[in-house]
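Structure file my_file34.txt (compact mmCIF, C-alpha atoms) is printed below.
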# COMPACT_ATOMS: atom_id res chain seq x y z
CA MET A 2 -46.14 -79.11 -1.84
CA PRO A 3 -45.86 -75.61 -0.26
CA GLN A 4 -44.24 -72.96 -2.39
CA PRO A 5 -41.02 -71.35 -1.03
CA GLU A 6 -41.36 -67.85 0.33
CA SER A 7 -40.28 -65.07 -1.99
CA SER A 8 -36.93 -63.40 -1.38
CA SER A 9 -38.74 -60.22 -0.39
CA GLU A 10 -40.63 -62.09 2.29
CA LEU A 11 -37.43 -63.64 3.65
CA ARG A 12 -35.59 -60.30 3.78
CA PRO A 13 -36.20 -58.41 7.05
CA GLU A 14 -37.63 -54.92 6.74
CA VAL A 15 -34.86 -52.33 7.22
CA GLU A 16 -35.65 -48.69 7.97
CA THR A 17 -33.79 -46.30 5.71
CA ILE A 18 -31.67 -43.94 7.77
CA GLU A 19 -31.07 -40.55 6.21
CA GLN A 20 -27.43 -39.58 6.26
CA TRP A 21 -26.96 -36.42 8.37
CA PRO A 22 -24.61 -34.13 6.42
CA TRP A 23 -24.27 -31.39 9.05
CA PRO A 24 -21.56 -30.86 11.70
CA PHE A 25 -24.17 -30.22 14.43
CA SER A 26 -26.82 -32.57 15.80
CA ARG A 27 -30.54 -32.07 15.46
CA ALA A 28 -30.65 -31.36 19.20
CA ASP A 29 -27.92 -28.68 18.88
CA LEU A 30 -29.90 -26.90 16.18
CA ALA A 31 -33.20 -27.21 18.05
CA ALA A 32 -31.66 -25.67 21.17
CA GLY A 33 -30.24 -22.81 19.11
CA LEU A 34 -33.51 -22.15 17.32
CA ARG A 35 -35.39 -22.08 20.63
CA ARG A 36 -33.13 -19.26 21.78
CA TYR A 37 -33.19 -17.52 18.40
CA LEU A 38 -37.00 -17.69 18.10
CA ASP A 39 -37.58 -17.33 21.85
CA ASP A 40 -39.84 -20.37 21.78
CA PRO A 41 -39.10 -23.50 23.91
CA THR A 42 -41.55 -25.62 21.88
CA VAL A 43 -39.46 -25.69 18.67
CA TRP A 44 -38.57 -29.11 17.23
CA VAL A 45 -36.46 -29.51 14.09
CA GLN A 46 -38.07 -31.71 11.43
CA GLN A 47 -35.82 -31.40 8.38
CA VAL A 48 -32.66 -29.57 7.29
CA LYS A 49 -31.91 -29.26 3.58
CA PRO A 50 -28.84 -27.69 1.92
CA ILE A 51 -29.47 -24.62 -0.23
CA THR A 52 -27.30 -22.42 -2.44
CA LEU A 53 -26.15 -19.12 -0.98
CA ALA A 54 -26.08 -16.10 -3.26
CA HIS A 55 -23.29 -13.49 -3.30
CA MET A 56 -20.73 -15.88 -1.82
CA ARG A 57 -17.07 -14.91 -1.83
CA PRO A 58 -13.97 -16.75 -0.56
CA SER A 59 -13.87 -17.34 3.19
CA ILE A 60 -11.81 -19.23 5.73
CA GLY A 61 -13.32 -22.70 5.61
CA ARG A 62 -16.60 -24.10 4.32
CA VAL A 63 -19.84 -22.10 4.13
CA ARG A 64 -23.24 -23.60 3.25
CA GLY A 65 -26.87 -22.59 3.32
CA ALA A 66 -29.49 -24.58 5.24
CA PHE A 67 -33.28 -24.54 4.87
CA VAL A 68 -34.90 -25.68 8.10
CA ASN A 69 -38.43 -27.01 8.64
CA TYR A 70 -39.55 -26.99 12.24
CA THR A 71 -42.69 -27.38 14.33
CA ARG A 72 -43.77 -25.55 17.46
CA ALA A 73 -46.89 -25.01 19.52
CA ALA A 74 -48.03 -22.22 17.20
CA GLY A 75 -47.68 -24.44 14.12
CA GLU A 76 -45.07 -25.19 11.46
CA GLY A 77 -42.33 -22.84 10.35
CA THR A 78 -39.25 -22.51 8.16
CA CYS A 79 -36.07 -20.47 8.22
CA ARG A 80 -32.90 -20.06 6.18
CA LEU A 81 -29.55 -20.26 7.95
CA VAL A 82 -25.84 -20.05 7.16
CA VAL A 83 -23.59 -22.88 8.36
CA LYS A 84 -19.88 -22.09 8.66
CA GLU A 85 -17.14 -24.63 9.28
CA PRO A 86 -13.84 -22.74 9.73
CA ARG A 87 -10.77 -24.75 8.78
CA GLY A 88 -7.80 -24.80 11.15
CA THR A 89 -6.35 -21.55 12.45
CA THR A 90 -5.51 -18.26 10.84
CA ARG A 91 -1.90 -18.99 11.83
CA THR A 92 -0.23 -21.83 13.69
CA GLY A 93 -0.13 -20.84 17.35
CA LEU A 94 -3.08 -18.45 17.13
CA ALA A 95 -6.67 -18.90 18.23
CA GLY A 96 -8.83 -20.74 15.71
CA ALA A 97 -10.71 -18.57 13.24
CA GLY A 98 -14.01 -20.08 14.38
CA ARG A 99 -13.23 -19.62 18.06
CA ARG A 100 -12.56 -15.96 17.41
CA GLU A 101 -15.78 -15.42 15.49
CA VAL A 102 -17.91 -17.26 18.06
CA GLY A 103 -16.30 -15.14 20.77
CA VAL A 104 -17.26 -11.93 18.98
CA TYR A 105 -20.89 -13.02 18.54
CA ARG A 106 -21.26 -14.29 22.10
CA TYR A 107 -19.35 -11.72 24.12
CA LEU A 108 -18.92 -8.55 22.07
CA ALA A 109 -21.87 -8.30 19.68
CA SER A 110 -24.00 -6.39 22.19
CA GLU A 111 -21.22 -3.78 22.55
CA ILE A 112 -20.39 -3.42 18.86
CA PRO A 113 -22.14 -0.38 17.32
CA VAL A 114 -22.55 -2.03 13.91
CA ARG A 115 -25.14 -4.68 13.15
CA SER A 116 -23.98 -8.29 12.84
CA PRO A 117 -25.87 -11.49 11.97
CA LYS A 118 -27.61 -13.17 14.88
CA LEU A 119 -25.91 -16.28 16.21
CA VAL A 120 -28.22 -19.32 16.24
CA ALA A 121 -25.85 -22.03 17.48
CA ALA A 122 -22.15 -22.84 17.62
CA SER A 123 -19.70 -25.30 19.10
CA ALA A 124 -17.61 -24.05 22.00
CA ALA A 125 -14.41 -24.39 19.95
CA GLY A 126 -15.91 -22.69 16.90
CA ASP A 127 -15.66 -25.81 14.70
CA TRP A 128 -19.10 -24.94 13.36
CA ILE A 129 -21.25 -21.83 13.53
CA VAL A 130 -24.91 -21.37 12.54
CA LEU A 131 -26.08 -17.82 11.76
CA GLU A 132 -29.20 -16.22 10.39
CA GLU A 133 -29.11 -15.79 6.63
CA LEU A 134 -29.15 -12.22 5.34
CA ARG A 135 -30.02 -11.62 1.70
CA PRO A 136 -28.23 -8.59 0.26
CA GLU A 137 -30.23 -6.24 -1.90
CA ARG A 138 -27.22 -5.96 -4.21
CA GLY A 139 -23.84 -7.62 -4.43
CA ALA A 140 -20.61 -6.01 -3.29
CA SER A 141 -19.53 -5.32 -6.88
CA LYS A 142 -22.62 -3.10 -7.34
CA TRP A 143 -22.07 -0.87 -4.33
CA THR A 144 -22.82 2.81 -4.80
CA ARG A 145 -20.95 5.81 -3.50
CA ALA A 146 -23.50 6.04 -0.68
CA ASP A 147 -22.83 2.40 0.29
CA TYR A 148 -19.10 3.10 0.63
CA ARG A 149 -19.74 6.22 2.69
CA ARG A 150 -22.07 4.30 4.97
CA ALA A 151 -19.46 1.54 5.41
CA VAL A 152 -16.79 4.11 6.29
CA ARG A 153 -19.12 5.63 8.89
CA SER A 154 -19.74 2.19 10.43
CA LEU A 155 -16.01 1.50 10.60
CA THR A 156 -15.47 4.84 12.32
CA GLU A 157 -18.18 4.03 14.87
CA LEU A 158 -16.63 0.63 15.57
CA HIS A 159 -13.17 2.10 16.13
CA ASP A 160 -14.51 5.00 18.20
CA ARG A 161 -16.46 2.66 20.50
CA PHE A 162 -13.33 0.73 21.53
CA TRP A 163 -10.78 3.54 21.14
CA GLY A 164 -7.93 3.14 23.61
CA LEU A 165 -9.57 0.14 25.33
CA SER A 166 -6.82 -2.39 24.68
CA GLU A 167 -6.58 -3.21 28.41
CA ASP A 168 -10.31 -3.94 28.56
CA LEU A 169 -10.08 -6.08 25.43
CA ALA A 170 -7.31 -8.08 27.10
CA ASN A 171 -10.15 -9.95 28.86
CA PHE A 172 -10.76 -11.67 25.53
CA PRO A 173 -7.52 -13.61 24.88
CA TRP A 174 -8.87 -15.18 21.69
CA LEU A 175 -8.75 -11.80 19.90
CA SER A 176 -5.83 -11.38 17.52
CA ARG A 177 -3.01 -9.04 18.56
CA PRO A 178 -0.98 -8.82 15.36
CA LEU A 179 1.51 -6.18 16.50
CA ASP A 180 2.01 -7.50 20.02
CA ALA A 181 1.48 -11.06 21.26
CA ASP A 182 1.10 -12.51 17.75
CA PHE A 183 3.81 -10.49 16.04
CA GLU A 184 6.53 -13.16 15.97
CA ILE A 185 4.07 -15.76 14.68
CA HIS A 186 3.13 -13.59 11.70
CA VAL A 187 6.76 -12.78 10.88
CA ALA A 188 7.73 -16.47 11.01
CA ALA A 189 4.79 -17.35 8.76
CA ALA A 190 5.85 -14.65 6.29
CA ALA A 191 9.40 -16.02 6.19
CA THR A 192 8.06 -19.52 5.50
CA ALA A 193 5.83 -18.15 2.73
CA LEU A 194 8.77 -16.38 1.09
CA GLU A 195 10.73 -19.64 1.15
CA ARG A 196 7.88 -21.39 -0.65
CA ILE A 197 7.73 -18.59 -3.22
CA ALA A 198 11.46 -18.98 -3.91
CA ASP A 199 11.39 -22.80 -3.93
CA HIS A 200 8.53 -22.97 -6.45
CA GLY A 201 9.82 -20.21 -8.68
CA ARG A 202 6.79 -18.00 -8.18
CA LEU A 203 7.43 -14.36 -9.04
CA ALA A 204 10.64 -15.38 -10.82
CA SER A 205 10.04 -12.56 -13.28
CA TRP A 206 10.08 -10.05 -10.40
CA PRO A 207 13.40 -10.67 -8.60
CA GLU A 208 13.49 -7.11 -7.29
CA ARG A 209 10.04 -7.61 -5.73
CA VAL A 210 11.19 -10.76 -3.96
CA HIS A 211 14.10 -8.73 -2.59
CA THR A 212 11.60 -6.14 -1.30
CA MET A 213 9.67 -8.90 0.48
CA ALA A 214 12.82 -10.19 2.13
CA HIS A 215 13.64 -6.66 3.24
CA LEU A 216 10.21 -6.36 4.87
CA ILE A 217 10.72 -9.52 6.88
CA LEU A 218 14.22 -8.57 7.99
CA HIS A 219 12.99 -5.15 9.13
CA ALA A 220 9.60 -6.18 10.50
CA GLU A 221 10.22 -4.33 13.77
CA GLN A 222 10.74 -1.10 11.84
CA VAL A 223 7.60 -1.80 9.82
CA VAL A 224 5.36 -1.90 12.90
CA ALA A 225 7.17 0.65 15.10
CA PRO A 226 5.05 3.72 14.08
CA LEU A 227 1.86 1.66 14.21
CA ARG A 228 2.57 0.59 17.78
CA GLN A 229 2.65 4.24 18.81
CA GLU A 230 -1.02 4.66 17.85
CA PRO A 231 -3.94 4.03 20.25
CA ALA A 232 -5.38 0.55 19.81
CA THR A 233 -9.01 -0.32 19.15
CA LEU A 234 -11.11 -3.31 18.15
CA LEU A 235 -10.32 -4.34 14.56
CA HIS A 236 -12.62 -6.30 12.31
CA GLY A 237 -9.53 -7.59 10.52
CA ASP A 238 -11.13 -8.18 7.11
CA TYR A 239 -13.45 -5.22 6.66
CA TRP A 240 -14.49 -4.75 3.01
CA PRO A 241 -17.70 -4.93 0.93
CA GLY A 242 -17.41 -8.71 0.54
CA ASN A 243 -18.03 -9.05 4.28
CA ILE A 244 -20.84 -6.49 4.48
CA ALA A 245 -24.43 -7.14 3.38
CA VAL A 246 -26.47 -4.19 2.09
CA LEU A 247 -30.13 -4.92 2.86
CA ASP A 248 -33.19 -3.64 1.00
CA ASP A 249 -33.53 -0.65 3.34
CA SER A 250 -29.85 0.27 2.61
CA THR A 251 -28.76 -0.71 6.14
CA GLN A 252 -25.58 -2.73 6.40
CA VAL A 253 -24.74 -5.90 8.33
CA VAL A 254 -21.10 -6.78 9.00
CA TYR A 255 -20.10 -10.45 9.22
CA ASP A 256 -17.00 -12.71 9.05
CA TRP A 257 -15.31 -11.66 12.29
CA GLN A 258 -12.78 -14.49 12.03
CA LEU A 259 -9.82 -12.07 11.99
CA ALA A 260 -11.09 -9.78 14.76
CA GLY A 261 -8.24 -8.32 16.79
CA VAL A 262 -6.78 -5.42 18.71
CA GLY A 263 -4.52 -2.88 17.05
CA PRO A 264 -4.19 0.53 15.37
CA PRO A 265 -7.23 1.52 13.27
CA MET A 266 -5.14 2.16 10.16
CA LEU A 267 -4.92 -1.60 9.59
CA ASP A 268 -8.68 -1.81 8.98
CA VAL A 269 -8.72 1.30 6.78
CA VAL A 270 -5.92 0.04 4.52
CA ALA A 271 -7.49 -3.42 4.29
CA PHE A 272 -10.85 -1.86 3.33
CA VAL A 273 -9.34 0.18 0.51
CA LEU A 274 -6.89 -2.34 -0.92
CA LYS A 275 -9.17 -5.39 -0.86
CA SER A 276 -11.98 -3.38 -2.46
CA GLU A 277 -9.65 -2.18 -5.21
CA TRP A 278 -8.27 -5.68 -5.71
CA TRP A 279 -11.73 -7.11 -6.35
CA PHE A 280 -13.49 -4.19 -8.03
CA GLY A 281 -10.83 -1.89 -9.50
CA SER A 282 -11.79 1.78 -9.47
CA LEU A 283 -14.25 2.48 -6.64
CA PRO A 284 -17.26 4.86 -6.61
CA LEU A 285 -15.57 6.50 -3.62
CA GLY A 286 -11.81 6.72 -4.22
CA ARG A 287 -9.19 5.93 -1.60
CA GLY A 288 -8.44 9.60 -1.01
CA LEU A 289 -12.09 10.34 -0.27
CA ILE A 290 -12.40 7.23 1.90
CA ALA A 291 -9.44 8.37 3.99
CA GLN A 292 -10.78 11.93 4.18
CA GLU A 293 -14.23 10.73 5.25
CA TYR A 294 -12.78 8.44 7.91
CA ARG A 295 -10.51 11.12 9.36
CA GLN A 296 -13.26 13.75 9.50
CA LEU A 297 -15.78 11.43 11.14
CA LEU A 298 -13.30 10.20 13.73
CA ALA A 299 -12.21 13.75 14.53
CA LYS A 300 -15.84 14.67 15.25
CA SER A 301 -16.56 11.61 17.40
CA SER A 302 -13.34 11.17 19.36
CA GLY A 303 -11.25 14.25 18.65
CA GLN A 304 -8.52 12.09 17.09
CA ARG A 305 -6.62 13.95 14.37
CA TRP A 306 -3.54 13.18 12.29
CA ALA A 307 -1.36 15.62 10.42
CA ASP A 308 -1.17 14.75 6.72
CA GLU A 309 2.48 13.73 7.01
CA ARG A 310 1.72 11.40 9.90
CA TRP A 311 -1.27 9.88 8.12
CA ASP A 312 0.86 9.18 5.03
CA GLU A 313 3.54 7.58 7.20
CA LEU A 314 1.03 5.34 8.97
CA TRP A 315 -0.54 4.39 5.63
CA ASP A 316 2.84 3.26 4.28
CA HIS A 317 3.59 1.18 7.36
CA ALA A 318 0.10 -0.34 7.45
CA LEU A 319 0.46 -1.22 3.76
CA MET A 320 3.78 -2.97 4.44
CA TRP A 321 2.42 -4.83 7.45
CA ARG A 322 -0.78 -6.00 5.73
CA PHE A 323 1.33 -7.39 2.89
CA LEU A 324 3.66 -9.15 5.30
CA GLN A 325 0.80 -10.44 7.47
CA GLU A 326 -1.58 -11.64 4.76
CA TRP A 327 -0.51 -11.31 1.15
CA LEU A 328 2.81 -13.16 1.31
CA ASP A 329 0.87 -16.27 2.28
CA LEU A 330 -1.59 -15.74 -0.57
CA LEU A 331 1.21 -15.38 -3.10
CA ALA A 332 2.86 -18.53 -1.78
CA ILE A 333 -0.22 -20.69 -2.35
CA SER A 334 -1.53 -19.07 -5.55
CA PRO A 335 -0.92 -20.95 -8.84
CA SER A 336 1.69 -19.37 -11.10
CA THR A 337 -0.90 -19.10 -13.88
CA LEU A 338 -3.10 -16.95 -11.65
CA LEU A 339 -0.20 -14.71 -10.68
CA GLU A 340 0.71 -14.24 -14.33
CA ALA A 341 -2.90 -13.45 -15.27
CA ARG A 342 -3.11 -10.78 -12.58
CA SER A 343 0.47 -9.58 -12.83
CA GLU A 344 -0.46 -6.06 -13.95
CA GLN A 345 -2.89 -5.65 -11.05
CA LEU A 346 -0.34 -7.05 -8.59
CA GLU A 347 2.23 -4.57 -9.83
CA GLN A 348 -0.06 -1.54 -9.68
CA LEU A 349 -1.88 -2.31 -6.45
CA TRP A 350 0.84 -3.96 -4.39
CA PHE A 351 4.37 -4.26 -5.71
CA GLU A 352 4.95 -0.70 -6.91
CA PRO A 353 3.38 1.02 -3.84
CA LEU A 354 5.20 -1.44 -1.60
CA ALA A 355 8.57 -0.70 -3.15
CA LYS A 356 7.97 3.04 -2.77
CA ALA A 357 6.89 2.62 0.87
CA VAL A 358 10.03 0.60 1.65
CA ALA A 359 12.21 3.22 -0.03
CA ARG A 360 10.55 6.04 1.92
CA ARG A 361 10.36 4.42 5.34
CA LEU A 362 12.95 1.66 5.65
CA LEU A 363 15.97 2.64 3.54
Let me see the file written as structure tokens.
Amino acid sequence: MPQPESSSELRPEVETIEQWPWPFSRADLAAGLRRYLDDPTVWVQQVKPITLAHMRPSIGRVRGAFVNYTRAAGEGTCRLVVKEPRGTTRTGLAGAGRREVGVYRYLASEIPVRSPKLVAASAAGDWIVLEELRPERGASKWTRADYRRAVRSLTELHDRFWGLSEDLANFPWLSRPLDADFEIHVAAAATALERIADHGRLASWPERVHTMAHLILHAEQVVAPLRQEPATLLHGDYWPGNIAVLDDSTQVVYDWQLAGVGPPMLDVVAFVLKSEWWFGSLPLGRGLIAQEYRQLLAKSSGQRWADERWDELWDHALMWRFLQEWLDLLAISPSTLLEARSEQLEQLWFEPLAKAVARRLL
């Protein structure tokens, strides 16, 4: 009597299909690598996730990818950064990814500071693949020379596009916080303040909540002096966390998701305040940063501000940056976090903000 076939013999052979965890296809990546490596014979063999060092919060998801590929000259590998921006920076504005892809594709060749090379991206900016850059040291370990070099790069960026707002109008995906996007930011700030009140955040600072409401009600006064200044290309989130210092001390600027058009003071204030928020006392203090920026810009473009005017613009840029960005952050931050950092919030934001409102709006 013949023996029955084993269950393994009865079961058809099924090829195991590796789950593809990436937002792009293998063909998308191969096409991008062919351009990046200037080699039409590249074929992607394997893409593995890797951990990225020196990562800080960003808009969306950021991962590392280790790629094995073949080409006519033999096998090769490379390390890439895969970004998946989430949503928009504000409802009604261009997507954060769309803005960053636009900068890399259409403006990178004109920008006087080095940026990562774009490998591949979707047209809408849903995903972006960039070359990986390994910093020699993290942002928290920057030296005085690093800060001076970053200030010089910011000056060169602003000088290159100084007064070219009409030319930059050809790129509608750029942010225009004080013009076309102004009402959107003010409405978002009002919504954020409502959430803060509804959830009882900052309940121990009722006078600070009143200051925030005053900012929103007088938003036109907040931006009026800033609108009088010549516009330039803004990075939007320029600070050490978005700048890689390489082993030869050169710097590479990335995360252009908030790139826009506006007065240069917005970038300078963001650079100082975000650095102080993360790192406390800086090797190059805010007074020296401002002095360095003003002197370099005066040499390159002839732009000069009287001290009184500079102080006025600083106050108004401080108020606008809080209204544009920090109200939202306070609205979504857990109460425990706000309590833990209450002293820093008071010293870095609330007290200077109250003084600026008293000087400029009352």
Problem - Near-stretch 173-185 of chain A list (7 Å; all atoms listed in the file; drop same-chain fewer than 4 positions) as an MDAnalysis selection string - result: chainID A and resid 95 100 189 224 228 259:263
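Remark: for A:Gly242, the closest of the candidate residues A:Glu85, A:Glu277, A:Glu111, A:Glu221 is A:Glu277 (distances computed over all atoms listed in the file).
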At a cut-off of 12 Å, can you tabulate as CSV every residue of stretch 207-238 of chain A near stretch 303-310 of chain A together with its closest atom pair and the distance in Å to one decimal, using all atoms listed in the file and ordering rows by chain then number?
residue,atom,partner,partner_atom,distance
A:Pro226,CA,A:Arg310,CA,9.4
A:Leu227,CA,A:Arg310,CA,10.7
A:Gln229,CA,A:Arg310,CA,11.5
A:Glu230,CA,A:Trp306,CA,10.5
A:Pro231,CA,A:Gln304,CA,9.8
As AutoDock Vina command-line options: centre and edge lengths in Å, one decimal, of the axis-aligned box holding stretch 203-210 of chain A with 3 Å per side:
--center_x 10.5 --center_y -11.2 --center_z -8.6 --size_x 12.1 --size_y 14.3 --size_z 15.3
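Across A:Phe172, A:Tyr239, A:Trp143, A:Tyr255, the tightest approach to A:Pro117 is made by A:Tyr255 when counting only C-alpha atoms.
Shortest separation to A:Arg161 among A:Ala31, A:Ala232, A:Leu194, A:Leu349 occurs at residue A:Ala232, atoms counted being only C-alpha atoms.
The closest residue to A:Glu167, picked from A:Leu234, A:Leu119, A:Leu297, A:Leu134 and counting only C-alpha atoms, is A:Leu234.
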Handout entry: Within 8 Å of A:Val45 using only C-alpha atoms, minus same-chain residues under 2 positions, as number ranges by chain
Key = A: 27-28, 30-31, 43, 47-48, 68-71
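The interatomic distance for the pair atom CA of A:Tyr37 and atom CA of A:Lys118 works out to 7.9 Å.
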Handout entry: Test item: which residues lie within 12 Å of (-10.3, 10.9, 3.3) counting all atoms listed in the file, as a PyMOL selection string
Key = chain A and resi 149+152-153+269-270+273+285-299+306+308+311-312+315
Save stretch 122-145 of chain A of the structure in the block above to a file, with N, CA and C atoms included, as a PDB file, in the first residue's frame.
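This is the output file part_11.pdb:
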ATOM      1  N   ALA A 122      13.198  62.352  -4.720  1.00  0.00           N
ATOM      2  CA  ALA A 122      12.078  62.926  -3.975  1.00  0.00           C
ATOM      3  C   ALA A 122      10.810  62.785  -4.792  1.00  0.00           C
ATOM      4  N   SER A 123       9.681  62.731  -4.108  1.00  0.00           N
ATOM      5  CA  SER A 123       8.402  62.765  -4.807  1.00  0.00           C
ATOM      6  C   SER A 123       8.092  64.208  -5.184  1.00  0.00           C
ATOM      7  N   ALA A 124       7.283  64.387  -6.211  1.00  0.00           N
ATOM      8  CA  ALA A 124       6.978  65.736  -6.678  1.00  0.00           C
ATOM      9  C   ALA A 124       6.299  66.566  -5.596  1.00  0.00           C
ATOM     10  N   ALA A 125       5.474  65.915  -4.776  1.00  0.00           N
ATOM     11  CA  ALA A 125       4.739  66.631  -3.728  1.00  0.00           C
ATOM     12  C   ALA A 125       5.541  66.778  -2.444  1.00  0.00           C
ATOM     13  N   GLY A 126       6.733  66.164  -2.391  1.00  0.00           N
ATOM     14  CA  GLY A 126       7.540  66.256  -1.187  1.00  0.00           C
ATOM     15  C   GLY A 126       7.106  65.322  -0.077  1.00  0.00           C
ATOM     16  N   ASP A 127       6.316  64.281  -0.409  1.00  0.00           N
ATOM     17  CA  ASP A 127       5.890  63.317   0.610  1.00  0.00           C
ATOM     18  C   ASP A 127       7.074  62.537   1.165  1.00  0.00           C
ATOM     19  N   TRP A 128       8.096  62.363   0.358  1.00  0.00           N
ATOM     20  CA  TRP A 128       9.328  61.720   0.808  1.00  0.00           C
ATOM     21  C   TRP A 128      10.509  62.347   0.087  1.00  0.00           C
ATOM     22  N   ILE A 129      11.625  62.404   0.783  1.00  0.00           N
ATOM     23  CA  ILE A 129      12.839  63.023   0.269  1.00  0.00           C
ATOM     24  C   ILE A 129      14.014  62.133   0.669  1.00  0.00           C
ATOM     25  N   VAL A 130      14.916  61.872  -0.259  1.00  0.00           N
ATOM     26  CA  VAL A 130      16.119  61.095   0.021  1.00  0.00           C
ATOM     27  C   VAL A 130      17.331  61.992  -0.217  1.00  0.00           C
ATOM     28  N   LEU A 131      18.168  62.140   0.800  1.00  0.00           N
ATOM     29  CA  LEU A 131      19.341  63.007   0.745  1.00  0.00           C
ATOM     30  C   LEU A 131      20.593  62.224   1.108  1.00  0.00           C
ATOM     31  N   GLU A 132      21.727  62.741   0.704  1.00  0.00           N
ATOM     32  CA  GLU A 132      22.984  62.152   1.153  1.00  0.00           C
ATOM     33  C   GLU A 132      23.111  62.324   2.660  1.00  0.00           C
ATOM     34  N   GLU A 133      23.719  61.325   3.316  1.00  0.00           N
ATOM     35  CA  GLU A 133      23.944  61.449   4.756  1.00  0.00           C
ATOM     36  C   GLU A 133      25.252  62.196   5.005  1.00  0.00           C
ATOM     37  N   LEU A 134      25.224  63.108   5.940  1.00  0.00           N
ATOM     38  CA  LEU A 134      26.415  63.852   6.341  1.00  0.00           C
ATOM     39  C   LEU A 134      26.667  63.571   7.816  1.00  0.00           C
ATOM     40  N   ARG A 135      27.862  63.132   8.133  1.00  0.00           N
ATOM     41  CA  ARG A 135      28.180  62.789   9.518  1.00  0.00           C
ATOM     42  C   ARG A 135      28.930  63.939  10.183  1.00  0.00           C
ATOM     43  N   PRO A 136      28.287  64.607  11.133  1.00  0.00           N
ATOM     44  CA  PRO A 136      28.958  65.734  11.803  1.00  0.00           C
ATOM     45  C   PRO A 136      30.179  65.276  12.587  1.00  0.00           C
ATOM     46  N   GLU A 137      31.181  66.125  12.608  1.00  0.00           N
ATOM     47  CA  GLU A 137      32.360  65.855  13.409  1.00  0.00           C
ATOM     48  C   GLU A 137      32.025  65.969  14.890  1.00  0.00           C
ATOM     49  N   ARG A 138      31.132  66.893  15.239  1.00  0.00           N
ATOM     50  CA  ARG A 138      30.689  67.061  16.613  1.00  0.00           C
ATOM     51  C   ARG A 138      29.245  67.545  16.612  1.00  0.00           C
ATOM     52  N   GLY A 139      28.532  67.179  17.662  1.00  0.00           N
ATOM     53  CA  GLY A 139      27.138  67.550  17.763  1.00  0.00           C
ATOM     54  C   GLY A 139      26.944  69.035  18.014  1.00  0.00           C
ATOM     55  N   ALA A 140      25.711  69.491  17.824  1.00  0.00           N
ATOM     56  CA  ALA A 140      25.411  70.917  17.963  1.00  0.00           C
ATOM     57  C   ALA A 140      25.690  71.437  19.373  1.00  0.00           C
ATOM     58  N   SER A 141      25.515  70.583  20.376  1.00  0.00           N
ATOM     59  CA  SER A 141      25.739  71.021  21.757  1.00  0.00           C
ATOM     60  C   SER A 141      27.216  71.258  22.057  1.00  0.00           C
ATOM     61  N   LYS A 142      28.108  70.792  21.170  1.00  0.00           N
ATOM     62  CA  LYS A 142      29.552  70.932  21.396  1.00  0.00           C
ATOM     63  C   LYS A 142      30.179  71.968  20.468  1.00  0.00           C
ATOM     64  N   TRP A 143      29.352  72.810  19.888  1.00  0.00           N
ATOM     65  CA  TRP A 143      29.884  73.842  19.005  1.00  0.00           C
ATOM     66  C   TRP A 143      30.840  74.763  19.767  1.00  0.00           C
ATOM     67  N   THR A 144      31.852  75.233  19.048  1.00  0.00           N
ATOM     68  CA  THR A 144      32.807  76.183  19.600  1.00  0.00           C
ATOM     69  C   THR A 144      32.425  77.604  19.186  1.00  0.00           C
ATOM     70  N   ARG A 145      33.136  78.532  19.728  1.00  0.00           N
ATOM     71  CA  ARG A 145      32.940  79.937  19.349  1.00  0.00           C
ATOM     72  C   ARG A 145      33.167  80.125  17.846  1.00  0.00           C
TER      73      ARG A 145
END
